[in-house]
Each structure stands twice: as structure tokens, then as C-alpha cells.
$ cat work-v6.json   # JSON, C-alpha atoms
[["chain", "number", "residue", "atom", "x", "y", "z"],
["A", 1, "MET", "CA", -126.49, 104.41, 60.19],
["A", 2, "LEU", "CA", -130.03, 103.11, 59.58],
["A", 3, "LYS", "CA", -131.52, 105.71, 61.90],
["A", 4, "TYR", "CA", -129.60, 108.45, 60.10],
["A", 5, "ILE", "CA", -130.74, 107.27, 56.66],
["A", 6, "LEU", "CA", -134.40, 107.05, 57.73],
["A", 7, "LYS", "CA", -134.21, 110.54, 59.21],
["A", 8, "ARG", "CA", -132.69, 111.93, 56.04],
["A", 9, "LEU", "CA", -135.34, 110.19, 53.91],
["A", 10, "ALA", "CA", -138.04, 111.88, 55.96],
["A", 11, "TYR", "CA", -136.38, 115.27, 55.42],
["A", 12, "MET", "CA", -136.10, 114.51, 51.71],
["A", 13, "ILE", "CA", -139.83, 113.82, 51.41],
["A", 14, "VAL", "CA", -140.67, 117.09, 53.16],
["A", 15, "THR", "CA", -138.18, 119.03, 51.03],
["A", 16, "LEU", "CA", -139.52, 117.50, 47.82],
["A", 17, "PHE", "CA", -143.08, 118.39, 48.83],
["A", 18, "ILE", "CA", -142.08, 122.01, 49.49],
["A", 19, "ILE", "CA", -140.20, 122.29, 46.18],
["A", 20, "THR", "CA", -143.14, 120.81, 44.29],
["A", 21, "THR", "CA", -145.66, 123.12, 45.96],
["A", 22, "VAL", "CA", -143.61, 126.29, 45.50],
["A", 23, "THR", "CA", -142.83, 125.48, 41.86],
["A", 24, "PHE", "CA", -146.46, 124.69, 41.09],
["A", 25, "TYR", "CA", -147.83, 127.93, 42.55],
["A", 26, "LEU", "CA", -145.07, 130.09, 41.09],
["A", 27, "MET", "CA", -145.83, 128.76, 37.60],
["A", 28, "HIS", "CA", -149.55, 129.27, 37.93],
["A", 29, "ASN", "CA", -149.24, 132.78, 39.37],
["A", 30, "ILE", "CA", -147.52, 134.07, 36.24],
["A", 31, "GLN", "CA", -149.97, 136.07, 34.13],
["A", 32, "GLY", "CA", -151.65, 134.05, 31.39],
["A", 33, "ASP", "CA", -151.45, 130.32, 30.73],
["A", 34, "PRO", "CA", -149.81, 127.97, 28.21],
["A", 35, "LEU", "CA", -152.68, 128.44, 25.77],
["A", 36, "THR", "CA", -152.52, 132.25, 25.69],
["A", 37, "ALA", "CA", -150.19, 132.43, 22.70],
["A", 38, "ALA", "CA", -152.16, 129.78, 20.85],
["A", 39, "GLY", "CA", -155.32, 131.76, 21.52],
["A", 40, "LYS", "CA", -154.33, 134.20, 18.79],
["A", 41, "THR", "CA", -154.89, 131.56, 16.13],
["A", 42, "LEU", "CA", -157.37, 129.13, 17.74],
["A", 43, "PRO", "CA", -161.12, 129.76, 17.82],
["A", 44, "ALA", "CA", -162.42, 130.86, 21.22],
["A", 45, "GLN", "CA", -164.50, 127.67, 21.70],
["A", 46, "THR", "CA", -161.57, 125.42, 20.82],
["A", 47, "LEU", "CA", -159.38, 127.33, 23.26],
["A", 48, "GLU", "CA", -162.00, 126.90, 25.98],
["A", 49, "ASN", "CA", -162.26, 123.16, 25.26],
["A", 50, "TYR", "CA", -158.50, 122.84, 25.72],
["A", 51, "ARG", "CA", -158.67, 124.72, 29.01],
["A", 52, "VAL", "CA", -161.35, 122.32, 30.25],
["A", 53, "LYS", "CA", -159.38, 119.30, 29.00],
["A", 54, "TYR", "CA", -156.24, 120.30, 30.89],
["A", 55, "GLY", "CA", -158.09, 121.59, 33.95],
["A", 56, "LEU", "CA", -156.97, 125.18, 33.40],
["A", 57, "ASP", "CA", -160.53, 126.40, 33.95],
["A", 58, "LYS", "CA", -160.29, 125.40, 37.63],
["A", 59, "SER", "CA", -158.69, 127.38, 40.44],
["A", 60, "THR", "CA", -154.98, 126.95, 41.16],
["A", 61, "THR", "CA", -155.75, 125.12, 44.41],
["A", 62, "GLU", "CA", -158.04, 122.65, 42.64],
["A", 63, "GLN", "CA", -155.42, 122.07, 39.95],
["A", 64, "TYR", "CA", -152.80, 121.48, 42.63],
["A", 65, "LYS", "CA", -154.96, 118.93, 44.43],
["A", 66, "MET", "CA", -155.55, 117.09, 41.16],
["A", 67, "PHE", "CA", -151.86, 117.13, 40.31],
["A", 68, "LEU", "CA", -150.79, 115.93, 43.76],
["A", 69, "SER", "CA", -153.33, 113.12, 43.71],
["A", 70, "ASN", "CA", -152.13, 111.92, 40.30],
["A", 71, "ALA", "CA", -148.44, 112.39, 41.17],
["A", 72, "LEU", "CA", -148.76, 110.13, 44.22],
["A", 73, "GLN", "CA", -149.93, 107.44, 41.80],
["A", 74, "GLY", "CA", -146.93, 108.00, 39.53],
["A", 75, "ASP", "CA", -148.80, 110.11, 36.95],
["A", 76, "LEU", "CA", -147.19, 113.52, 36.33],
["A", 77, "GLY", "CA", -149.65, 114.39, 33.58],
["A", 78, "SER", "CA", -149.27, 114.94, 29.85],
["A", 79, "SER", "CA", -147.26, 117.60, 28.07],
["A", 80, "TYR", "CA", -149.10, 120.62, 26.65],
["A", 81, "LYS", "CA", -146.51, 121.27, 23.96],
["A", 82, "PHE", "CA", -145.91, 117.66, 22.93],
["A", 83, "ALA", "CA", -149.50, 116.47, 22.61],
["A", 84, "GLY", "CA", -150.23, 113.01, 23.95],
["A", 85, "ARG", "CA", -146.75, 112.63, 25.46],
["A", 86, "SER", "CA", -146.72, 111.50, 29.09],
["A", 87, "VAL", "CA", -144.31, 113.43, 31.32],
["A", 88, "SER", "CA", -143.38, 110.32, 33.31],
["A", 89, "LYS", "CA", -142.69, 108.37, 30.12],
["A", 90, "THR", "CA", -140.65, 111.23, 28.68],
["A", 91, "ILE", "CA", -138.44, 111.36, 31.77],
["A", 92, "LYS", "CA", -138.07, 107.56, 31.78],
["A", 93, "GLU", "CA", -137.02, 107.49, 28.11],
["A", 94, "THR", "CA", -134.83, 110.60, 27.89],
["A", 95, "ALA", "CA", -133.10, 110.79, 31.29],
["A", 96, "PRO", "CA", -130.88, 107.74, 30.55],
["A", 97, "ILE", "CA", -129.70, 109.41, 27.33],
["A", 98, "SER", "CA", -128.73, 112.62, 29.14],
["A", 99, "GLY", "CA", -127.25, 110.52, 31.93],
["A", 100, "ARG", "CA", -125.13, 108.53, 29.50],
["A", 101, "VAL", "CA", -123.58, 111.53, 27.77],
["A", 102, "GLY", "CA", -123.16, 113.57, 30.95],
["A", 103, "GLY", "CA", -122.04, 110.54, 32.97],
["A", 104, "GLN", "CA", -119.32, 109.64, 30.47],
["A", 105, "ALA", "CA", -118.07, 113.21, 30.56],
["A", 106, "MET", "CA", -118.04, 113.28, 34.36],
["A", 107, "ILE", "CA", -116.19, 109.95, 34.72],
["A", 108, "VAL", "CA", -113.52, 110.94, 32.19],
["A", 109, "GLY", "CA", -113.29, 114.40, 33.75],
["A", 110, "VAL", "CA", -112.85, 113.01, 37.27],
["A", 111, "ILE", "CA", -110.14, 110.52, 36.26],
["A", 112, "ILE", "CA", -108.12, 112.96, 34.14],
["A", 113, "GLY", "CA", -108.79, 115.97, 36.38],
["A", 114, "LEU", "CA", -107.71, 114.25, 39.61],
["A", 115, "THR", "CA", -104.61, 112.85, 37.93],
["A", 116, "LEU", "CA", -103.60, 116.26, 36.56],
["A", 117, "GLY", "CA", -104.32, 117.89, 39.92],
["A", 118, "ILE", "CA", -101.99, 115.48, 41.73],
["A", 119, "ILE", "CA", -99.27, 115.92, 39.11],
["A", 120, "ALA", "CA", -99.55, 119.71, 39.34],
["A", 121, "ALA", "CA", -99.34, 119.68, 43.15],
["A", 122, "LEU", "CA", -96.32, 117.35, 43.22],
["A", 123, "ASN", "CA", -94.57, 119.59, 40.66],
["A", 124, "ARG", "CA", -95.52, 122.92, 42.19],
["A", 125, "ASN", "CA", -94.12, 125.96, 40.34],
["A", 126, "ARG", "CA", -92.49, 123.75, 37.70],
["A", 127, "TRP", "CA", -93.43, 123.32, 34.04],
["A", 128, "PRO", "CA", -96.02, 120.50, 34.58],
["A", 129, "ASP", "CA", -97.81, 122.73, 37.11],
["A", 130, "HIS", "CA", -97.82, 125.71, 34.73],
["A", 131, "LEU", "CA", -98.98, 123.59, 31.78],
["A", 132, "ILE", "CA", -101.84, 122.05, 33.77],
["A", 133, "SER", "CA", -102.83, 125.50, 35.05],
["A", 134, "ILE", "CA", -103.11, 126.72, 31.44],
["A", 135, "ILE", "CA", -105.24, 123.68, 30.54],
["A", 136, "ALA", "CA", -107.49, 124.38, 33.56],
["A", 137, "ILE", "CA", -107.91, 128.04, 32.62],
["A", 138, "LEU", "CA", -108.83, 127.12, 29.03],
["A", 139, "GLY", "CA", -111.29, 124.50, 30.26],
["A", 140, "ILE", "CA", -113.05, 127.04, 32.46],
["A", 141, "THR", "CA", -113.05, 130.02, 30.09],
["A", 142, "ILE", "CA", -113.98, 128.36, 26.77],
["A", 143, "PRO", "CA", -117.79, 127.97, 26.60],
["A", 144, "VAL", "CA", -119.04, 124.45, 26.00],
["A", 145, "PHE", "CA", -120.82, 125.43, 22.76],
["A", 146, "ILE", "CA", -117.56, 126.85, 21.35],
["A", 147, "MET", "CA", -115.73, 123.66, 22.25],
["A", 148, "GLY", "CA", -118.55, 121.62, 20.74],
["A", 149, "SER", "CA", -118.44, 123.59, 17.50],
["A", 150, "LEU", "CA", -114.67, 123.19, 17.17],
["A", 151, "LEU", "CA", -114.86, 119.46, 17.80],
["A", 152, "GLN", "CA", -117.75, 119.10, 15.34],
["A", 153, "TYR", "CA", -115.65, 120.76, 12.64],
["A", 154, "TYR", "CA", -112.29, 119.11, 13.24],
["A", 155, "LEU", "CA", -113.30, 115.61, 14.38],
["A", 156, "GLY", "CA", -116.58, 115.35, 12.50],
["A", 157, "VAL", "CA", -116.35, 117.40, 9.30],
["A", 158, "LYS", "CA", -112.63, 117.79, 8.54],
["A", 159, "LEU", "CA", -111.38, 114.40, 9.74],
["A", 160, "GLY", "CA", -114.69, 112.56, 9.36],
["A", 161, "LYS", "CA", -113.99, 110.38, 12.37],
["A", 162, "PHE", "CA", -117.29, 110.72, 14.24],
["A", 163, "PRO", "CA", -120.91, 111.74, 13.50],
["A", 164, "THR", "CA", -121.60, 115.43, 14.04],
["A", 165, "SER", "CA", -125.23, 115.02, 15.08],
["A", 166, "GLY", "CA", -127.95, 112.50, 15.81],
["A", 167, "TYR", "CA", -128.21, 109.65, 18.27],
["A", 168, "THR", "CA", -128.91, 105.96, 17.73],
["A", 169, "GLY", "CA", -127.50, 104.59, 20.97],
["A", 170, "GLU", "CA", -124.13, 103.71, 19.47],
["A", 171, "MET", "CA", -121.00, 104.90, 21.27],
["A", 172, "LYS", "CA", -119.68, 106.82, 18.24],
["A", 173, "TYR", "CA", -122.58, 109.30, 18.51],
["A", 174, "THR", "CA", -121.55, 110.25, 22.07],
["A", 175, "ILE", "CA", -117.79, 110.71, 21.53],
["A", 176, "ILE", "CA", -117.74, 114.37, 20.45],
["A", 177, "PRO", "CA", -120.45, 115.50, 22.94],
["A", 178, "THR", "CA", -118.60, 113.71, 25.74],
["A", 179, "ILE", "CA", -115.27, 115.35, 24.87],
["A", 180, "ALA", "CA", -116.94, 118.77, 24.68],
["A", 181, "LEU", "CA", -118.46, 118.36, 28.14],
["A", 182, "THR", "CA", -115.29, 116.84, 29.62],
["A", 183, "PHE", "CA", -113.08, 119.93, 29.34],
["A", 184, "GLY", "CA", -114.96, 121.85, 32.01],
["A", 185, "SER", "CA", -114.93, 118.87, 34.40],
["A", 186, "ILE", "CA", -111.19, 118.31, 33.92],
["A", 187, "ALA", "CA", -110.48, 121.95, 34.74],
["A", 188, "THR", "CA", -112.68, 121.93, 37.85],
["A", 189, "TYR", "CA", -111.32, 118.73, 39.36],
["A", 190, "ALA", "CA", -107.70, 119.53, 38.49],
["A", 191, "ARG", "CA", -107.88, 122.90, 40.29],
["A", 192, "TYR", "CA", -109.60, 121.50, 43.38],
["A", 193, "MET", "CA", -107.33, 118.45, 43.58],
["A", 194, "ARG", "CA", -104.18, 120.55, 43.26],
["A", 195, "SER", "CA", -105.27, 122.83, 46.12],
["A", 196, "ASN", "CA", -106.32, 119.90, 48.32],
["A", 197, "VAL", "CA", -103.10, 117.94, 47.76],
["A", 198, "LEU", "CA", -100.95, 120.99, 48.54],
["A", 199, "GLU", "CA", -102.91, 121.57, 51.74],
["A", 200, "VAL", "CA", -102.57, 117.93, 52.84],
["A", 201, "LEU", "CA", -98.84, 117.88, 52.01],
["A", 202, "SER", "CA", -98.29, 120.74, 54.46],
["A", 203, "GLN", "CA", -99.85, 118.85, 57.39],
["A", 204, "ASP", "CA", -97.67, 117.66, 60.29],
["A", 205, "TYR", "CA", -98.55, 113.97, 59.90],
["A", 206, "ILE", "CA", -97.23, 114.03, 56.32],
["A", 207, "LEU", "CA", -93.95, 115.54, 57.48],
["A", 208, "THR", "CA", -93.77, 112.93, 60.24],
["A", 209, "ALA", "CA", -94.32, 110.08, 57.77],
["A", 210, "GLN", "CA", -91.62, 111.44, 55.49],
["A", 211, "ALA", "CA", -89.23, 111.81, 58.44],
["A", 212, "LYS", "CA", -89.79, 108.14, 59.32],
["A", 213, "GLY", "CA", -88.62, 107.17, 55.86],
["A", 214, "VAL", "CA", -91.99, 106.28, 54.30],
["A", 215, "SER", "CA", -91.60, 106.33, 50.53],
["A", 216, "ARG", "CA", -93.17, 109.17, 48.56],
["A", 217, "PHE", "CA", -95.46, 106.74, 46.72],
["A", 218, "ASN", "CA", -96.85, 105.32, 49.98],
["A", 219, "VAL", "CA", -97.26, 108.77, 51.48],
["A", 220, "ILE", "CA", -99.34, 109.82, 48.49],
["A", 221, "ARG", "CA", -101.31, 106.56, 48.33],
["A", 222, "LYS", "CA", -102.06, 106.12, 52.04],
["A", 223, "HIS", "CA", -102.29, 109.68, 53.29],
["A", 224, "VAL", "CA", -102.43, 112.38, 50.64],
["A", 225, "PHE", "CA", -104.90, 110.93, 48.15],
["A", 226, "ARG", "CA", -107.46, 109.73, 50.68],
["A", 227, "ASN", "CA", -107.54, 112.97, 52.66],
["A", 228, "ALA", "CA", -107.48, 115.16, 49.56],
["A", 229, "MET", "CA", -110.48, 113.28, 48.15],
["A", 230, "LEU", "CA", -112.91, 114.40, 50.86],
["A", 231, "PRO", "CA", -113.47, 117.93, 49.47],
["A", 232, "ILE", "CA", -113.66, 116.46, 45.95],
["A", 233, "ILE", "CA", -116.55, 114.21, 47.00],
["A", 234, "THR", "CA", -118.42, 117.37, 48.01],
["A", 235, "ILE", "CA", -118.33, 118.80, 44.48],
["A", 236, "ILE", "CA", -118.90, 115.43, 42.79],
["A", 237, "GLY", "CA", -122.32, 115.18, 44.47],
["A", 238, "PRO", "CA", -123.97, 118.19, 42.80],
["A", 239, "GLN", "CA", -122.16, 117.35, 39.54],
["A", 240, "VAL", "CA", -123.92, 113.98, 39.38],
["A", 241, "ALA", "CA", -127.26, 115.77, 39.39],
["A", 242, "ALA", "CA", -125.94, 118.41, 36.98],
["A", 243, "ILE", "CA", -125.10, 115.82, 34.30],
["A", 244, "PHE", "CA", -128.83, 115.70, 33.52],
["A", 245, "THR", "CA", -129.26, 119.48, 33.37],
["A", 246, "GLY", "CA", -125.90, 120.85, 32.31],
["A", 247, "SER", "CA", -125.75, 119.15, 28.91],
["A", 248, "PHE", "CA", -128.88, 120.66, 27.31],
["A", 249, "ILE", "CA", -126.79, 123.00, 25.10],
["A", 250, "ILE", "CA", -124.79, 120.06, 23.80],
["A", 251, "GLU", "CA", -127.99, 118.07, 23.30],
["A", 252, "GLN", "CA", -129.37, 120.87, 21.17],
["A", 253, "MET", "CA", -126.14, 121.20, 19.16],
["A", 254, "PHE", "CA", -125.80, 117.48, 18.46],
["A", 255, "SER", "CA", -129.53, 116.68, 18.14],
["A", 256, "ILE", "CA", -129.44, 114.31, 21.11],
["A", 257, "PRO", "CA", -132.97, 113.52, 22.36],
["A", 258, "GLY", "CA", -132.12, 113.90, 26.03],
["A", 259, "LEU", "CA", -134.13, 115.30, 28.91],
["A", 260, "GLY", "CA", -132.45, 118.71, 28.56],
["A", 261, "TYR", "CA", -134.26, 119.27, 25.26],
["A", 262, "TYR", "CA", -137.68, 118.85, 26.88],
["A", 263, "PHE", "CA", -136.65, 120.80, 29.96],
["A", 264, "VAL", "CA", -135.67, 123.89, 27.95],
["A", 265, "ASN", "CA", -138.69, 123.70, 25.65],
["A", 266, "SER", "CA", -141.07, 123.29, 28.59],
["A", 267, "ILE", "CA", -139.82, 126.54, 30.12],
["A", 268, "THR", "CA", -140.04, 128.58, 26.92],
["A", 269, "SER", "CA", -143.53, 127.25, 26.13],
["A", 270, "ARG", "CA", -144.78, 127.28, 29.75],
["A", 271, "ASP", "CA", -145.56, 123.59, 29.59],
["A", 272, "TYR", "CA", -146.70, 123.23, 33.22],
["A", 273, "PRO", "CA", -146.70, 119.41, 33.51],
["A", 274, "MET", "CA", -143.28, 119.05, 31.90],
["A", 275, "ILE", "CA", -141.78, 121.85, 34.03],
["A", 276, "ILE", "CA", -143.06, 120.44, 37.31],
["A", 277, "GLY", "CA", -142.22, 116.87, 36.30],
["A", 278, "THR", "CA", -138.60, 117.62, 35.40],
["A", 279, "THR", "CA", -138.24, 119.82, 38.49],
["A", 280, "ILE", "CA", -139.38, 116.96, 40.73],
["A", 281, "PHE", "CA", -136.99, 114.58, 38.97],
["A", 282, "TYR", "CA", -134.00, 116.94, 39.32],
["A", 283, "ALA", "CA", -134.82, 117.76, 42.95],
["A", 284, "ALA", "CA", -135.23, 114.09, 43.91],
["A", 285, "LEU", "CA", -132.01, 113.16, 42.14],
["A", 286, "PHE", "CA", -130.09, 115.94, 43.89],
["A", 287, "LEU", "CA", -131.42, 114.97, 47.33],
["A", 288, "VAL", "CA", -130.58, 111.28, 46.82],
["A", 289, "VAL", "CA", -127.07, 112.13, 45.62],
["A", 290, "GLN", "CA", -126.47, 114.37, 48.64],
["A", 291, "LEU", "CA", -127.46, 111.51, 50.94],
["A", 292, "LEU", "CA", -125.09, 109.14, 49.16],
["A", 293, "VAL", "CA", -122.30, 111.73, 49.43],
["A", 294, "ASP", "CA", -122.77, 111.98, 53.20],
["A", 295, "ILE", "CA", -122.68, 108.20, 53.53],
["A", 296, "LEU", "CA", -119.59, 108.06, 51.32],
["A", 297, "TYR", "CA", -117.86, 110.50, 53.67],
["A", 298, "GLY", "CA", -118.09, 107.94, 56.45],
["A", 299, "ILE", "CA", -116.74, 105.20, 54.18],
["A", 300, "VAL", "CA", -113.76, 107.21, 52.91],
["A", 301, "ASP", "CA", -112.90, 108.56, 56.37],
["A", 302, "PRO", "CA", -114.23, 106.45, 59.30],
["A", 303, "ARG", "CA", -113.35, 109.32, 61.64],
["A", 304, "ILE", "CA", -116.37, 111.19, 60.31],
["A", 305, "LYS", "CA", -119.45, 110.25, 62.29],
["A", 306, "LEU", "CA", -122.93, 110.64, 60.87],
["A", 307, "ALA", "CA", -125.09, 112.74, 63.16],
["A", 308, "ASP", "CA", -128.25, 111.15, 64.53]]
$ encode --input "work-v6.json" --output "C-alpha cells"
Amino acid sequence: MLKYILKRLAYMIVTLFIITTVTFYLMHNIQGDPLTAAGKTLPAQTLENYRVKYGLDKSTTEQYKMFLSNALQGDLGSSYKFAGRSVSKTIKETAPISGRVGGQAMIVGVIIGLTLGIIAALNRNRWPDHLISIIAILGITIPVFIMGSLLQYYLGVKLGKFPTSGYTGEMKYTIIPTIALTFGSIATYARYMRSNVLEVLSQDYILTAQAKGVSRFNVIRKHVFRNAMLPIITIIGPQVAAIFTGSFIIEQMFSIPGLGYYFVNSITSRDYPMIIGTTIFYAALFLVVQLLVDILYGIVDPRIKLAD
């Protein structure tokens, strides 16, 4: 296990280096620079001073060397758009906010989705199965911003139960955003769990256990659930990383100061340091989660051996 983890960590470092390098050069090879638009209103000398300040007067290779040297010391630079704001500090302060909202939605979605998926599979072609299928279809087809708007109106404005925007760290400010994000997760996990449970129920060892008189509850608990969970773990991995990136629309709608807000603004304003910083964060998070998923495979099913 230790050898496997060390090998994967080495691959992760190489992968992260490649992603960082490719992203950096792709950004800098786009025509113009972040100060081009501002150049229409700023004096030429002021514009030149800014280029010198941010190192934009140097070649791309020189800029990359400077960035890499600073990044290895934990300094990802300062934002161009948000003057004086450190990229590292921004990620440190805003990622937990995005993680909280997205994480709550994922946990609720997993619990409810898996439960509905099992119920649908055990009641195949009966009314619970049809009802859950309708819920899943609605969860997939209704865009998150539509769901967010409806919840804002009914739960926030009409009923006045929860705040419709803003964030102070209190739970009540995350209720509506969490519910809005949860519908998609519920639909995804319910569909996957239903398919997996039906597939496991058709296996010979399940039929053998039932023939030996094992109760339905024990068959589901000991055999069906555990084996059906393996494919679910596969999709949970990327979803953990996506909770930081997939909620930026909701963050905009509910004025939540999460990382998604800075990520979107950095792209539209070509804020190089913020783009590369958030890209490194997302890539590192995804790689770590994938490693944890592989390790979890071996824990859930000891028959799975980790390759050396």
C-alpha cells in the first residue's frame, strides 16, 4: 500500500507540473494581455508601469520561471483584477465557503439519492420506481439557476423562511443554495444506484443466498449494498472536486463569496495569477480525491488489489 501511494504521489507531482505549464503558456499565448482593455483609458506611461510591475514586459519563459520559483515557495502571486489581493490568500479564504455549500449539497444528495435508488430497484416497474424516475428526470433537466430562483421566491420571499442572498457563516444562509444544488445530485445518484442494485440482484450469488433462506434485509445489507456501492464511489470522486467549481452560478445568484466567484471573474478579465492559481488548486484537489477513491476501493472490497 505504501509503495503504491508513493508511486501515485510521484505521478501526481508530474501531472500537476504539466497542467501548470500548459495552462500558463496557453494563457500567455492568447493575443494581448490583461491590461489591454484598460489601456484604452489609462495613459501610456501608467500602462507601461503596470506591465513592469507585474512582469508583463518580460518574455513568457522569464515570466514562467518567476512564477514557478514563487509557486514553489507557496506564493501564487497577486490578482490583477482585485488589486492587492493575494491569490493564495483568496483560495484559502474562499475555498472553505464553496466547499461548505457544495459539500452539504453532495452529502444530502448522496444519502437521499442512494436511498431512492435502492427503493426504486427493489420496487422495479411499480409506482415507487416510476415516481423516483420522474424525480430523477426533473432533477437532471431543470437547470440549477431555475431551481435556485424558484426556491428564492417560495422559501425566501413568499414564505420568508430563509435569507435570499448574502453570507455571514450562519447555516440559514446556506439552506436555499444547498437545496438548489442537491436536486441534481439526488437525480444522479438515484439513477446510478438503481442500475447498480438491479445488476447485483441478478447475480448468481444473490440467487444462491436467497435459495439458502437468507432474509431479504441481510441480502441487501451484506451483498447488494456493498457491491452496488463500488461504481458509485467512482462518480463520487470527481463530484468532490466539482463541489468547488460547480456551484459558481449559485454563488453568483445568492451573493456567496466563494471561490467560484473569483474563478469566473478571473477568466473573463484574463487575470493570469488567479486563473493559474485556481487551476492548480482544482487540479491538485482532483488528483488527491482520485487517489483516495482508489484506496477506498480496496477498503470497500478487499478483493480489489492495488497495482504496484
$ closest_atom_pairs --input "work-v6.json" --of "segment 175-286 of chain A" --to "segment 9-19 of chain A" --cutoff "8 Å" --atoms "all atoms listed in the file" --output "CSV"
residue,atom,partner,partner_atom,distance
A:Ile280,CA,A:Leu16,CA,7.1
A:Ala283,CA,A:Leu16,CA,6.8
A:Ala284,CA,A:Leu16,CA,6.7
$ write_last_selection --input "work-v6.json" --atoms "C-alpha atoms" --output "mmCIF file, in the coordinates of the input"
data_model
loop_
_atom_site.group_PDB
_atom_site.id
_atom_site.type_symbol
_atom_site.label_atom_id
_atom_site.label_comp_id
_atom_site.auth_asym_id
_atom_site.auth_seq_id
_atom_site.Cartn_x
_atom_site.Cartn_y
_atom_site.Cartn_z
ATOM 1 C CA ILE A 280 -139.380 116.960 40.730
ATOM 2 C CA ALA A 283 -134.820 117.760 42.950
ATOM 3 C CA ALA A 284 -135.230 114.090 43.910
#
$ residues_around --input "work-v6.json" --residues "Tyr64 of chain A" --least-positions-apart "4" --cutoff "9 Å" --atoms "only C-alpha atoms" --output "list in words"
Thr21, Phe24, Tyr25, Ser59, Thr60, Leu68 and Ser69 of chain A
$ closest_residue --input "work-v6.json" --among "A:Thr141, A:Ile295, A:Arg100, A:Asp271" --to "Met1 of chain A" --atoms "all atoms listed in the file"
A:Ile295
$ closest_atom_pairs --input "work-v6.json" --of "segment 127-182 of chain A" --to "segment 102-112 of chain A" --cutoff "8 Å" --atoms "all atoms listed in the file" --output "Markdown table"
| residue | atom | partner | partner_atom | distance |
| --- | --- | --- | --- | --- |
| A:Thr178 | CA | A:Ala105 | CA | 4.9 |
| A:Ile179 | CA | A:Ala105 | CA | 6.7 |
| A:Leu181 | CA | A:Ala105 | CA | 5.7 |
| A:Thr182 | CA | A:Ala105 | CA | 4.7 |
$ atom_distance --input "work-v6.json" --atom1 "atom CA of Arg124 of chain A" --atom2 "atom CA of Phe183 of chain A"
22.0 Å
$ closest_residue --input "work-v6.json" --among "A:Ala120, A:Ala190, A:Ala83, A:Ile250" --to "Pro143 of chain A" --atoms "all atoms listed in the file"
A:Ile250
$ atom_distance --input "work-v6.json" --atom1 "atom CA of Thr61 of chain A" --atom2 "atom CA of Tyr282 of chain A"
23.8 Å
$ closest_residue --input "work-v6.json" --among "A:Ser266, A:Thr279, A:Ser215, A:Ser149" --to "Met253 of chain A" --atoms "all atoms listed in the file"
A:Ser149
$ closest_residue --input "work-v6.json" --among "A:Asn70, A:Ser195, A:Gln290, A:Asn265" --to "Ala241 of chain A" --atoms "only C-alpha atoms"
A:Gln290
$ residues_around --input "work-v6.json" --residues "Leu122 of chain A" --least-positions-apart "4" --cutoff "10 Å" --atoms "all atoms listed in the file" --output "list in words"
Leu116, Gly117, Ile118, Arg126, Pro128, Asp129, Arg194, Val197, Leu198, Leu201 and Ile220 of chain A
$ residues_near_point --input "work-v6.json" --point "(-149.5, 107.1, 36.4)" --cutoff "10 Å" --atoms "all atoms listed in the file" --output "PDB file with C-alpha atoms, keeping the file's coordinate frame"
ATOM      1  CA  ASN A  70    -152.130 111.920  40.300  1.00  0.00           C
ATOM      2  CA  ALA A  71    -148.440 112.390  41.170  1.00  0.00           C
ATOM      3  CA  LEU A  72    -148.760 110.130  44.220  1.00  0.00           C
ATOM      4  CA  GLN A  73    -149.930 107.440  41.800  1.00  0.00           C
ATOM      5  CA  GLY A  74    -146.930 108.000  39.530  1.00  0.00           C
ATOM      6  CA  ASP A  75    -148.800 110.110  36.950  1.00  0.00           C
ATOM      7  CA  LEU A  76    -147.190 113.520  36.330  1.00  0.00           C
ATOM      8  CA  GLY A  77    -149.650 114.390  33.580  1.00  0.00           C
ATOM      9  CA  SER A  86    -146.720 111.500  29.090  1.00  0.00           C
ATOM     10  CA  VAL A  87    -144.310 113.430  31.320  1.00  0.00           C
ATOM     11  CA  SER A  88    -143.380 110.320  33.310  1.00  0.00           C
ATOM     12  CA  LYS A  89    -142.690 108.370  30.120  1.00  0.00           C
TER      13      LYS A  89
END
$ closest_residue --input "work-v6.json" --among "A:Tyr54, A:Val101, A:Ile267, A:Glu48" --to "Glu170 of chain A" --atoms "all atoms listed in the file"
A:Val101
$ atom_distance --input "work-v6.json" --atom1 "atom CA of Gly260 of chain A" --atom2 "atom CA of Lys65 of chain A"
27.5 Å
$ residues_near_point --input "work-v6.json" --point "(-124.4, 115.3, 41.4)" --cutoff "12 Å" --atoms "all atoms listed in the file" --output "ChimeraX atom specification"
/A:99,102-103,106-107,232-246,282-293
$ closest_residue --input "work-v6.json" --among "A:Leu131, A:Ala187, A:Tyr173, A:Leu26" --to "Pro257 of chain A" --atoms "all atoms listed in the file"
A:Tyr173
$ residues_around --input "work-v6.json" --residues "Gly169 of chain A" --least-positions-apart "6" --cutoff "12 Å" --atoms "only C-alpha atoms" --output "list of chain:residue names"
A:Thr94, A:Pro96, A:Ile97, A:Ser98, A:Arg100, A:Val101, A:Ile175, A:Ile256, A:Pro257, A:Gly258
$ write_last_selection --input "work-v6.json" --atoms "C-alpha atoms" --output "short mmCIF file (atom, residue, chain, number, x, y, z; two decimals), in the coordinates of the input"
data_model
loop_
_atom_site.label_atom_id
_atom_site.label_comp_id
_atom_site.auth_asym_id
_atom_site.auth_seq_id
_atom_site.Cartn_x
_atom_site.Cartn_y
_atom_site.Cartn_z
CA THR A 94 -134.83 110.60 27.89
CA PRO A 96 -130.88 107.74 30.55
CA ILE A 97 -129.70 109.41 27.33
CA SER A 98 -128.73 112.62 29.14
CA ARG A 100 -125.13 108.53 29.50
CA VAL A 101 -123.58 111.53 27.77
CA ILE A 175 -117.79 110.71 21.53
CA ILE A 256 -129.44 114.31 21.11
CA PRO A 257 -132.97 113.52 22.36
CA GLY A 258 -132.12 113.90 26.03
#
$ residues_around --input "work-v6.json" --residues "Ala228 of chain A" --least-positions-apart "3" --cutoff "8 Å" --atoms "all atoms listed in the file" --output "list of chain:residue names"
A:Met193, A:Asn196, A:Val197, A:Val200, A:Val224, A:Phe225, A:Pro231, A:Ile232
